[in-house]
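Participant: I have a structure I would like to understand better, so I am pasting it below and will then ask my questions one at a time.
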Amino acid sequence: MLNIVLFGPPGAGKGTQADRLKEKYDLVHISTGDVFRALDPESDLAKLAKSYSDKGDLVPDDITIKILESEVTKYPNAKGVIYDGFPRTTGQAKALDLFLAAKGTSVTMMLSLVVPEDELKTRLIGRAKDSGREDDANPIIIQNRINTYNKSTAPVADYYKGQGKLIDINGVGSIGDITKSLFDSIEITK
Ligand code: ADP
């Protein structure tokens, strides 16, 4: 199985690139952010997740890991999976390793989109006009998401680096050029 962790700060372009990777390699794309937003808004789980995401905080690991595992289980015949927005803590990364090992597979590589902070803020504020996401519209919440990323999520790259699986990709430039860098890295590594 081709199991790709697509990594990067909020606004790095993970969703856009995931669509292209999915198409090219016939993968299932799982975005935990999208899964949370697709929950029935009246459900307790959706309200709980929103209470964190609206502030730019992470949803606790136990909830997020359960949601991710039940989503992956929906695709028993997948050729591979793009994990987008997961794992976001080292606890989640360890849980994913155990979960995949139990299925006789493992993370193939982490592709990490590298984008400077100023560029991220500009992109997220721009996206707010179309996304309608409350967490995109407010500069204070955007800053909190970036701080949360730096504190809790950036260490996940070191986790995969320790396994020799981290590949940094320049996330600035045209969408097509970035896609090409991702394809090239996959071809070399898979
Ligand atoms: P972005 O990458 O643009 O910040 P996402 O759509 O991936 O946005 O996630 C939106 C929100 O959903 C996050 O700010 C967080 O609150 C929650 N979330 C998504 N994935 C996770 C995760 N793996 N762990 C904890 N919280 C998550």
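In the structure tokens, chains take the letters A, B, ... in the order shown, each chain's residues start at 1, and ligands count up from 1 in the order shown.
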As a ChimeraX atom specification, please: the residues near A:Arg123 (cut-off 12 Å, only C-alpha atoms, same-chain neighbours under 5 positions excluded).
Facilitator: /A:9-13,115-118,128-131,136-137,139,142,172
Participant: Please identify the residues whose atoms come within 6 Å of ligand 1, using only C-alpha atoms and all ligand atoms, and report them as JSON, numbers by chain.
Facilitator: {"A": [10, 11, 32, 33, 34, 52, 53, 56, 57, 58, 59, 60, 64, 85, 86, 87, 88]}
Participant: Could you pull out all residues of chain A with a DSSP call of strand (DSSP E) and give them as a compact mmCIF listing (two decimals) with all heavy atoms, in the first residue's frame?
Facilitator:
```
# COMPACT_ATOMS: atom_id res chain seq x y z
N LEU A 2 0.40 2.26 -0.69
CA LEU A 2 1.11 3.54 -0.70
C LEU A 2 0.44 4.44 0.33
O LEU A 2 -0.67 4.93 0.10
CB LEU A 2 1.03 4.15 -2.11
CG LEU A 2 1.77 5.45 -2.38
CD1 LEU A 2 3.27 5.31 -2.09
CD2 LEU A 2 1.57 5.88 -3.83
N ASN A 3 1.06 4.60 1.47
CA ASN A 3 0.48 5.42 2.54
C ASN A 3 1.29 6.70 2.69
O ASN A 3 2.42 6.67 3.18
CB ASN A 3 0.48 4.65 3.87
CG ASN A 3 -0.47 3.47 3.82
OD1 ASN A 3 -1.63 3.62 3.47
ND2 ASN A 3 0.03 2.28 4.13
N ILE A 4 0.69 7.80 2.24
CA ILE A 4 1.42 9.08 2.22
C ILE A 4 0.86 10.01 3.29
O ILE A 4 -0.34 10.29 3.31
CB ILE A 4 1.28 9.75 0.84
CG1 ILE A 4 1.92 8.87 -0.23
CG2 ILE A 4 1.90 11.14 0.86
CD1 ILE A 4 1.76 9.41 -1.64
N VAL A 5 1.71 10.47 4.17
CA VAL A 5 1.31 11.53 5.10
C VAL A 5 1.68 12.85 4.42
O VAL A 5 2.85 13.13 4.16
CB VAL A 5 2.04 11.41 6.46
CG1 VAL A 5 1.73 12.62 7.33
CG2 VAL A 5 1.63 10.12 7.17
N LEU A 6 0.64 13.63 4.08
CA LEU A 6 0.86 14.94 3.46
C LEU A 6 0.81 15.96 4.59
O LEU A 6 -0.22 16.10 5.27
CB LEU A 6 -0.22 15.19 2.41
CG LEU A 6 -0.04 16.42 1.54
CD1 LEU A 6 1.28 16.41 0.80
CD2 LEU A 6 -1.19 16.52 0.53
N PHE A 7 1.93 16.64 4.78
CA PHE A 7 2.13 17.41 6.01
C PHE A 7 2.40 18.87 5.67
O PHE A 7 2.88 19.19 4.59
CB PHE A 7 3.35 16.80 6.72
CG PHE A 7 3.60 17.31 8.10
CD1 PHE A 7 2.79 16.93 9.15
CD2 PHE A 7 4.68 18.16 8.35
CE1 PHE A 7 3.04 17.38 10.45
CE2 PHE A 7 4.94 18.61 9.63
CZ PHE A 7 4.13 18.23 10.68
N VAL A 28 -7.10 6.90 -1.72
CA VAL A 28 -8.18 7.48 -0.91
C VAL A 28 -7.60 8.69 -0.17
O VAL A 28 -6.49 8.61 0.36
CB VAL A 28 -8.70 6.43 0.10
CG1 VAL A 28 -9.67 7.06 1.07
CG2 VAL A 28 -9.35 5.26 -0.63
N HIS A 29 -8.32 9.81 -0.19
CA HIS A 29 -7.85 11.02 0.48
C HIS A 29 -8.64 11.21 1.78
O HIS A 29 -9.86 11.36 1.73
CB HIS A 29 -8.08 12.22 -0.46
CG HIS A 29 -7.84 13.56 0.17
ND1 HIS A 29 -8.47 14.71 -0.26
CD2 HIS A 29 -7.07 13.94 1.22
CE1 HIS A 29 -8.07 15.73 0.47
NE2 HIS A 29 -7.23 15.30 1.38
N ILE A 30 -7.94 11.17 2.89
CA ILE A 30 -8.63 11.37 4.17
C ILE A 30 -8.08 12.63 4.84
O ILE A 30 -6.91 12.70 5.20
CB ILE A 30 -8.46 10.14 5.09
CG1 ILE A 30 -9.13 8.93 4.43
CG2 ILE A 30 -9.09 10.42 6.47
CD1 ILE A 30 -9.02 7.64 5.23
N SER A 31 -8.95 13.63 4.96
CA SER A 31 -8.61 14.87 5.67
C SER A 31 -9.40 14.90 6.96
O SER A 31 -10.64 14.92 6.92
CB SER A 31 -8.98 16.08 4.79
OG SER A 31 -9.28 17.21 5.60
N GLY A 80 -4.07 2.70 -1.50
CA GLY A 80 -3.24 3.54 -0.65
C GLY A 80 -4.07 4.70 -0.13
O GLY A 80 -5.21 4.89 -0.57
N VAL A 81 -3.50 5.42 0.80
CA VAL A 81 -4.24 6.51 1.45
C VAL A 81 -3.33 7.74 1.53
O VAL A 81 -2.13 7.61 1.81
CB VAL A 81 -4.69 6.09 2.88
CG1 VAL A 81 -5.39 7.24 3.59
CG2 VAL A 81 -5.61 4.86 2.84
N ILE A 82 -3.94 8.92 1.30
CA ILE A 82 -3.26 10.18 1.61
C ILE A 82 -3.83 10.67 2.93
O ILE A 82 -5.04 10.92 3.03
CB ILE A 82 -3.53 11.26 0.56
CG1 ILE A 82 -3.16 10.77 -0.82
CG2 ILE A 82 -2.79 12.55 0.90
CD1 ILE A 82 -3.64 11.72 -1.92
N TYR A 83 -3.00 10.77 3.91
CA TYR A 83 -3.40 11.32 5.21
C TYR A 83 -3.11 12.81 5.19
O TYR A 83 -1.96 13.23 5.07
CB TYR A 83 -2.63 10.63 6.34
CG TYR A 83 -2.98 9.17 6.45
CD1 TYR A 83 -2.28 8.21 5.72
CD2 TYR A 83 -4.04 8.76 7.24
CE1 TYR A 83 -2.62 6.87 5.79
CE2 TYR A 83 -4.40 7.41 7.32
CZ TYR A 83 -3.68 6.48 6.59
OH TYR A 83 -4.04 5.16 6.66
N ASP A 84 -4.18 13.62 5.29
CA ASP A 84 -4.07 15.08 5.18
C ASP A 84 -4.58 15.68 6.49
O ASP A 84 -5.76 15.52 6.83
CB ASP A 84 -4.90 15.50 3.95
CG ASP A 84 -5.27 16.98 3.89
OD1 ASP A 84 -4.84 17.75 4.76
OD2 ASP A 84 -6.01 17.33 2.94
N MET A 109 5.85 7.33 3.31
CA MET A 109 6.65 8.56 3.35
C MET A 109 5.81 9.71 3.89
O MET A 109 4.58 9.67 3.81
CB MET A 109 7.16 8.92 1.94
CG MET A 109 6.07 9.34 0.99
SD MET A 109 6.63 9.52 -0.73
CE MET A 109 6.27 7.91 -1.40
N MET A 110 6.52 10.70 4.42
CA MET A 110 5.86 11.97 4.75
C MET A 110 6.35 13.01 3.76
O MET A 110 7.56 13.24 3.63
CB MET A 110 6.21 12.43 6.16
CG MET A 110 5.76 13.88 6.39
SD MET A 110 6.27 14.58 7.96
CE MET A 110 4.86 14.23 8.96
N LEU A 111 5.40 13.63 3.06
CA LEU A 111 5.73 14.74 2.16
C LEU A 111 5.34 16.02 2.88
O LEU A 111 4.16 16.23 3.20
CB LEU A 111 4.97 14.59 0.85
CG LEU A 111 5.31 13.34 0.03
CD1 LEU A 111 4.32 13.15 -1.12
CD2 LEU A 111 6.73 13.44 -0.51
N SER A 112 6.32 16.84 3.18
CA SER A 112 6.08 18.02 4.02
C SER A 112 6.19 19.29 3.19
O SER A 112 7.27 19.60 2.66
CB SER A 112 7.12 18.02 5.15
OG SER A 112 7.07 19.23 5.85
N LEU A 113 5.08 20.01 3.05
CA LEU A 113 5.07 21.26 2.27
C LEU A 113 5.59 22.40 3.15
O LEU A 113 5.03 22.68 4.20
CB LEU A 113 3.64 21.58 1.80
CG LEU A 113 3.04 20.61 0.79
CD1 LEU A 113 1.54 20.86 0.62
CD2 LEU A 113 3.74 20.74 -0.57
N VAL A 114 6.66 23.02 2.69
CA VAL A 114 7.32 24.06 3.48
C VAL A 114 6.93 25.44 2.92
O VAL A 114 7.17 25.72 1.74
CB VAL A 114 8.86 23.87 3.44
CG1 VAL A 114 9.55 24.96 4.25
CG2 VAL A 114 9.22 22.48 3.96
N LEU A 166 10.98 11.39 6.06
CA LEU A 166 10.60 12.80 5.82
C LEU A 166 11.18 13.31 4.51
O LEU A 166 12.39 13.19 4.27
CB LEU A 166 11.11 13.67 6.98
CG LEU A 166 10.98 15.18 6.77
CD1 LEU A 166 9.51 15.60 6.71
CD2 LEU A 166 11.69 15.95 7.88
N ILE A 167 10.32 13.88 3.67
CA ILE A 167 10.77 14.56 2.45
C ILE A 167 10.20 15.98 2.46
O ILE A 167 8.98 16.16 2.45
CB ILE A 167 10.27 13.82 1.19
CG1 ILE A 167 10.76 12.36 1.20
CG2 ILE A 167 10.74 14.53 -0.08
CD1 ILE A 167 10.11 11.49 0.14
N ASP A 168 11.08 16.98 2.49
CA ASP A 168 10.63 18.38 2.44
C ASP A 168 10.39 18.79 0.99
O ASP A 168 11.20 18.49 0.11
CB ASP A 168 11.71 19.30 3.04
CG ASP A 168 11.69 19.30 4.56
OD1 ASP A 168 10.61 19.12 5.14
OD2 ASP A 168 12.77 19.49 5.16
N ILE A 169 9.28 19.50 0.79
CA ILE A 169 8.94 19.98 -0.56
C ILE A 169 8.71 21.49 -0.44
O ILE A 169 7.96 21.94 0.45
CB ILE A 169 7.60 19.33 -1.03
CG1 ILE A 169 7.67 17.80 -1.03
CG2 ILE A 169 7.15 19.89 -2.37
CD1 ILE A 169 8.39 17.16 -2.18
N ASN A 170 9.31 22.25 -1.36
CA ASN A 170 9.05 23.70 -1.35
C ASN A 170 7.58 23.95 -1.74
O ASN A 170 7.16 23.59 -2.83
CB ASN A 170 10.01 24.37 -2.36
CG ASN A 170 9.74 25.85 -2.49
OD1 ASN A 170 9.00 26.45 -1.69
ND2 ASN A 170 10.32 26.46 -3.52
```
Participant: Looking at only C-alpha atoms, which of A:Ala93, A:Ile146, A:Glu71, A:Thr108 is the one that sits closest to A:Ile186?
Facilitator: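 Counting only C-alpha atoms, the residue closest to A:Ile186 is A:Thr108.
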Participant: List every residue of chain A that DSSP, applied to the backbone of this structure, assigns to helix (DSSP H, G or I), and report them as a PyMOL selection string.
Facilitator: chain A and resi 14-25+32-38+44-53+61-73+90-102+117-131+134-137+139-162+175-189
Participant: When you count only C-alpha atoms, which of these residues is closest to A:Glu69: A:Met1, A:Val35, A:Ser185, A:Pro41?
Facilitator: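 Among the listed residues, the smallest separation from A:Glu69 belongs to A:Val35.
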Participant: Using only C-alpha atoms, which protein or nucleic acid residues come within 9 Å of A:Thr153? Drop anything in the same chain fewer than 3 positions from it, and give the result as an mmCIF file with N, CA and C atoms, in the first residue's frame.
Facilitator:
```
data_model
loop_
_atom_site.group_PDB
_atom_site.id
_atom_site.type_symbol
_atom_site.label_atom_id
_atom_site.label_comp_id
_atom_site.auth_asym_id
_atom_site.auth_seq_id
_atom_site.Cartn_x
_atom_site.Cartn_y
_atom_site.Cartn_z
ATOM 1 N N GLY A 8 2.115 19.741 6.624
ATOM 2 C CA GLY A 8 2.440 21.157 6.451
ATOM 3 C C GLY A 8 1.516 21.998 7.292
ATOM 4 N N PRO A 9 1.888 23.257 7.516
ATOM 5 C CA PRO A 9 1.071 24.140 8.350
ATOM 6 C C PRO A 9 -0.278 24.461 7.700
ATOM 7 N N PRO A 87 -1.148 12.593 10.946
ATOM 8 C CA PRO A 87 -1.140 12.942 12.362
ATOM 9 C C PRO A 87 -0.653 14.384 12.617
ATOM 10 N N ARG A 88 -1.242 14.990 13.639
ATOM 11 C CA ARG A 88 -0.902 16.366 14.001
ATOM 12 C C ARG A 88 -0.227 16.446 15.365
ATOM 13 N N THR A 89 -0.036 15.317 16.013
ATOM 14 C CA THR A 89 0.737 15.250 17.265
ATOM 15 C C THR A 89 1.555 13.954 17.191
ATOM 16 N N THR A 90 2.605 13.871 17.993
ATOM 17 C CA THR A 90 3.385 12.623 17.971
ATOM 18 C C THR A 90 2.545 11.477 18.531
ATOM 19 N N THR A 148 -0.138 26.710 17.346
ATOM 20 C CA THR A 148 -0.419 25.312 17.691
ATOM 21 C C THR A 148 0.384 24.386 16.782
ATOM 22 N N TYR A 149 0.447 24.748 15.511
ATOM 23 C CA TYR A 149 1.243 23.955 14.568
ATOM 24 C C TYR A 149 2.705 23.917 15.018
ATOM 25 N N ASN A 150 3.265 25.105 15.313
ATOM 26 C CA ASN A 150 4.688 25.159 15.675
ATOM 27 C C ASN A 150 4.971 24.355 16.943
ATOM 28 N N VAL A 156 6.058 16.374 14.710
ATOM 29 C CA VAL A 156 5.692 15.151 13.983
ATOM 30 C C VAL A 156 6.653 14.930 12.798
ATOM 31 N N ALA A 157 7.155 16.030 12.215
ATOM 32 C CA ALA A 157 8.132 15.889 11.118
ATOM 33 C C ALA A 157 9.402 15.226 11.641
#
```
